[in-house]
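These notes are about the structure you will find just below.
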Amino acid sequence: MIDVRLTRRIRAALRSGARGARERPLVFALAVATMAGGLLVLGTYMLVVANLRGVLARAGADLRLVAFTDFGASTPAAQVGALEARMRAQDGVAELEYVAPDEALARLRTDLGPDAGVLDGLDHNPLPGAFEIAPPRDVRDPAQLRALADRIRALPGVTEVRWGEPWVEGYARVVRIAEWLGAGLGAFLLFVLGAIVASTVRLSLHARADEIQIQRLVGAGGWFVRLPFCLEGALQGMLAALLALAVLRGLFALGLPLLGDALAWVLGGQPAIFFGAAESAALIGLGVLLGLGGTLASLVNLDERA
Amino acid sequence: MIQMYHVDLRYAGGTYGLRDVSLVLERGDFVFLTGASGAGKTSLLRLLFGAEKPSAGQILVAGRNITRLPAAQIPHLRRQIGVIFQDFKLLTERSVFENVAIALEIAGASRSEIRTRVWSMLKRLGLGHRIDHKPRMLSGGEQQRVAIARALVNDPPLLLADEPTGNLDPALALDIMDIIADAHARGTTVVVATHDPALLERYRHRRVVLDGGRLVSERSPDEYSGGLRQLGATRA
């Protein structure tokens with residue numbers, strides 16, 4: 001059963017906190033602005049990492065492994081069919097298509113366009129038959145792709161397997177480094193912001209020292225004093241995150257046309273993406289935790305001060 | 001109501017606020033703590049409402065041994081005690097009503113109960129017309145009455161007053177003491193720290209004299225009733 005007196009005390013503590021925030025709007029606004037600045041830096045970095053990961057994911061969607069064979073135009077269909085069956089039996093092969101030497105030459109002619117005439121002098125088709133293999137959509141990690149390529153390469157009749165390994169691995173490495181840097185930067189920023197929030201709360205504590213002393217003298221428990229500060233800190237964190245998101249969205253909209261070609265090159269021609277609902281909620285949650293954590297850190301020794 | 005046994009209060013640095021103080025107050029008693037400045041009156045009161053912890057000895061308030069009371073229980077103790085300070089300790093940015101209501105809010109009273117009791121208490125102390133005023137708009141005597149209202153609005157069984165008339169002129173001091181005496185008449189146990197001889201002579205209650213942190217003498221009303229009667233007749 002809910003203790004009526006306890007709920008009344010909680011309401012009184014909340015009123016006390018709201019009144020405190022109203023009486024010190026400058027300190028409140030300063031805390032929100034400071035946190036918003038830090039979250040903006042962190043959010044910008046998160047956005048960059050999210051876009052780099054997006055490029056990798058989209059590149060992965062079109063990813064094909066090409067297994068070259070020693071098959072020529074005269075290789076019997078049964079031999080081709082037998083290798084195709086063995087490839088389909090491999091774990092990690094979702095789709096498979098055989099490109100015969102004649103078709104490969106026709107594609108090359110198309111790709112060369114006006115320069116296709118260089119192929120006219122050939123006395124025979126030098127291109128081997130090849131299999132184009134699409135891995136399942138959930139298999140995009142370079143290590144998984146390399147393992148699949150190794151298994152295909154080991155099959156009799158396969159001479160070489162290509163899958164854009166240097167590009168995929170290099171990009172994945174960049175994204176990984178960016179994520180680690182982001183985690184480090186995030187931890188550092190959170191620590192700095194937490195310390196700033198704690199200092200701001202200490203300012204509030206100092207400004208409200210008389211009120212807290214009187215509350216304690218007339219029988220306020222520790223939580224009665226702490227609760228308003230905690231709620232104020234959480235509210236500041238939430239408002240700061242919303243402000244940071246709004247500014248980030250504005251900068252995103254304004255900055256995209258200015259960055260133009262440079263951004264298109266980095267993102268491989270893909271459009272830049274902004275945070276979805278989940279990422280936005282995560283940033284807001286981070287802001288709330290930041291405000292709450294900083295507040296709690298500054299209230300640890302409250303009993304001794306009050 | 002209060003039992004103190006061989007209580008010491010030693011501060012960091014080795015100086016003593018109180019030394020070997022033993023004292024018993026029954027429920028409904030009215031006691032003056034007296035002595036020169038620095039005698040230990042405030043230290044003794046601070047021990048009683050849990051602002052200090054004794055270095056030695058035992059203190060029981062309303063049957064609870066507060067020397068062994070966990071810190072989390074101190075607020076419960078304080079809700080049973082009204083405390084009045086010489087410097088009033090009012091919230092300057094809050095109204096008279098809010099200053100008094102804070103004690104009831106912390107006790108978890110309903111809003112209607114708070115309205116009724118605060119209004120009734122302020123009216124009883126002659127502050128009905130000051131309910132929305134800020135403390136800085138009030139005279140010293142009125143501010144002290146607000147502080148008394150806050151201390152009494154919960155009907156605490158124990159009232160502690162630390163030099164409650166120290167900042168007031170003699171006429172206002174008697175007004176304040178009359179209010180405290182009225183609370184005593186309603187059954188509240190009262191401890192008043194004062195070094196004002198006029199008050200001690202005017203009010204006929206037990207006196208506990210402190211000197212250098214030690215309890216040096218106790219006098220019951222009977223021991224000086226003649227003099228008090230004379231002073232009482234003069235004022236009447």
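Following the order of the structure tokens, first chain is A, next is B, and so on, with residues numbered from 1 inside each chain and ligands from 1 in the order they appear.
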*Pull out every residue of chain A sitting within 7 Å of chain B, counting only C-alpha atoms, and send them as a VMD selection string.*
chain A and resid 5 to 6 8 to 9 12 211 214 217 to 221
Could you please take those selected residues and save N, CA and C atoms as a CSV table (one decimal), in the first residue's frame?
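And here is the file that came out, selection.csv:
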chain,number,residue,atom,x,y,z
A,5,ARG,N,1.4,9.8,3.4
A,5,ARG,CA,2.3,10.8,3.9
A,5,ARG,C,3.6,10.9,3.0
A,6,LEU,N,4.1,9.7,2.6
A,6,LEU,CA,5.3,9.6,1.8
A,6,LEU,C,5.0,10.3,0.4
A,8,ARG,N,2.9,12.5,-0.3
A,8,ARG,CA,2.7,14.0,0.0
A,8,ARG,C,4.1,14.6,0.1
A,9,ARG,N,5.0,13.9,0.8
A,9,ARG,CA,6.4,14.4,1.0
A,9,ARG,C,7.1,14.5,-0.4
A,12,ALA,N,5.8,17.4,-2.1
A,12,ALA,CA,6.4,18.6,-1.6
A,12,ALA,C,7.8,18.8,-2.0
A,211,GLU,N,18.1,27.3,2.8
A,211,GLU,CA,16.9,26.5,2.7
A,211,GLU,C,17.1,25.0,3.1
A,214,ILE,N,17.5,24.7,6.9
A,214,ILE,CA,16.2,24.9,7.6
A,214,ILE,C,15.4,23.6,7.4
A,217,LEU,N,16.7,21.1,9.7
A,217,LEU,CA,16.3,21.4,11.1
A,217,LEU,C,14.9,21.0,11.4
A,218,VAL,N,14.0,21.1,10.4
A,218,VAL,CA,12.6,20.8,10.7
A,218,VAL,C,12.3,19.3,10.4
A,219,GLY,N,13.3,18.5,10.1
A,219,GLY,CA,13.1,17.1,9.9
A,219,GLY,C,13.1,16.5,8.5
A,220,ALA,N,13.6,17.3,7.6
A,220,ALA,CA,13.7,16.7,6.2
A,220,ALA,C,14.8,15.6,6.1
A,221,GLY,N,14.4,14.5,5.6
A,221,GLY,CA,15.4,13.4,5.4
A,221,GLY,C,16.3,13.7,4.2
*Near Ser298 of chain A, within 7 Å and counting only C-alpha atoms, which residues show up once chain neighbours fewer than 5 positions away are dropped, as a PyMOL selection string?*
chain A and resi 198+201-202
*Could you write out, as a ChimeraX atom specification, all the residues of segment 28-240 of chain A that DSSP marks as strand (DSSP E)?*
/A:65-69,95-99,130-134,158-162
*Quick one: pull the distance between atom CA of Leu203 of chain A and atom CA of Arg15 of chain A, Å, one decimal.*
19.6 Å
_At a cut-off of 9 Å, using only C-alpha atoms, what residues contact Val146 of chain B? Leave out same-chain residues fewer than 3 positions from it and give the result as a PyMOL selection string._
chain B and resi 88+90+96-97+99-100+122+125+127+135+141-143+149-151
Could the residues in this selection be written to a file with N, CA and C atoms, as a PDB file, in the first residue's frame?
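What follows is the written file again_2.pdb:
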ATOM      1  N   PHE B  88      16.459  33.478  14.013  1.00  0.00           N
ATOM      2  CA  PHE B  88      15.162  33.117  13.394  1.00  0.00           C
ATOM      3  C   PHE B  88      15.247  31.992  12.362  1.00  0.00           C
ATOM      4  N   LEU B  90      14.804  32.079   8.984  1.00  0.00           N
ATOM      5  CA  LEU B  90      13.653  32.087   8.073  1.00  0.00           C
ATOM      6  C   LEU B  90      14.145  32.149   6.631  1.00  0.00           C
ATOM      7  N   VAL B  96       5.516  34.321   4.706  1.00  0.00           N
ATOM      8  CA  VAL B  96       5.314  33.871   6.087  1.00  0.00           C
ATOM      9  C   VAL B  96       4.619  32.500   6.079  1.00  0.00           C
ATOM     10  N   PHE B  97       3.581  32.387   5.240  1.00  0.00           N
ATOM     11  CA  PHE B  97       2.847  31.117   5.153  1.00  0.00           C
ATOM     12  C   PHE B  97       3.785  29.971   4.790  1.00  0.00           C
ATOM     13  N   ASN B  99       7.004  29.777   5.058  1.00  0.00           N
ATOM     14  CA  ASN B  99       7.993  29.512   6.095  1.00  0.00           C
ATOM     15  C   ASN B  99       7.446  28.604   7.185  1.00  0.00           C
ATOM     16  N   VAL B 100       6.194  28.775   7.493  1.00  0.00           N
ATOM     17  CA  VAL B 100       5.589  27.950   8.545  1.00  0.00           C
ATOM     18  C   VAL B 100       5.175  26.589   7.974  1.00  0.00           C
ATOM     19  N   LEU B 122      -0.791  31.060  12.779  1.00  0.00           N
ATOM     20  CA  LEU B 122      -0.403  32.454  12.552  1.00  0.00           C
ATOM     21  C   LEU B 122      -1.399  33.409  13.204  1.00  0.00           C
ATOM     22  N   LEU B 125      -0.776  33.644  16.858  1.00  0.00           N
ATOM     23  CA  LEU B 125       0.404  34.437  17.204  1.00  0.00           C
ATOM     24  C   LEU B 125       0.294  35.881  16.694  1.00  0.00           C
ATOM     25  N   LEU B 127      -0.328  36.987  13.627  1.00  0.00           N
ATOM     26  CA  LEU B 127       0.315  37.246  12.336  1.00  0.00           C
ATOM     27  C   LEU B 127      -0.633  36.993  11.154  1.00  0.00           C
ATOM     28  N   PRO B 135       9.627  37.734   5.037  1.00  0.00           N
ATOM     29  CA  PRO B 135      10.188  38.048   6.362  1.00  0.00           C
ATOM     30  C   PRO B 135      10.841  39.423   6.462  1.00  0.00           C
ATOM     31  N   GLY B 141      10.399  41.204  16.097  1.00  0.00           N
ATOM     32  CA  GLY B 141       9.477  40.434  16.935  1.00  0.00           C
ATOM     33  C   GLY B 141       8.554  39.567  16.100  1.00  0.00           C
ATOM     34  N   GLU B 142       8.107  40.137  14.978  1.00  0.00           N
ATOM     35  CA  GLU B 142       7.224  39.359  14.084  1.00  0.00           C
ATOM     36  C   GLU B 142       7.976  38.195  13.449  1.00  0.00           C
ATOM     37  N   GLN B 143       9.228  38.456  13.081  1.00  0.00           N
ATOM     38  CA  GLN B 143      10.021  37.365  12.493  1.00  0.00           C
ATOM     39  C   GLN B 143      10.207  36.231  13.508  1.00  0.00           C
ATOM     40  N   ALA B 149       6.050  30.001  15.221  1.00  0.00           N
ATOM     41  CA  ALA B 149       4.919  29.327  14.557  1.00  0.00           C
ATOM     42  C   ALA B 149       5.398  28.076  13.830  1.00  0.00           C
ATOM     43  N   ARG B 150       6.536  28.200  13.147  1.00  0.00           N
ATOM     44  CA  ARG B 150       7.091  27.050  12.429  1.00  0.00           C
ATOM     45  C   ARG B 150       7.465  25.933  13.414  1.00  0.00           C
ATOM     46  N   ALA B 151       8.001  26.323  14.562  1.00  0.00           N
ATOM     47  CA  ALA B 151       8.428  25.326  15.549  1.00  0.00           C
ATOM     48  C   ALA B 151       7.239  24.629  16.200  1.00  0.00           C
TER      49      ALA B 151
END
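Restricting the calculation to only C-alpha atoms, the smallest distance between Gly38 of chain A and any of A:Ile133, A:Ala209, A:Val197, A:Val158 is found for A:Val197.
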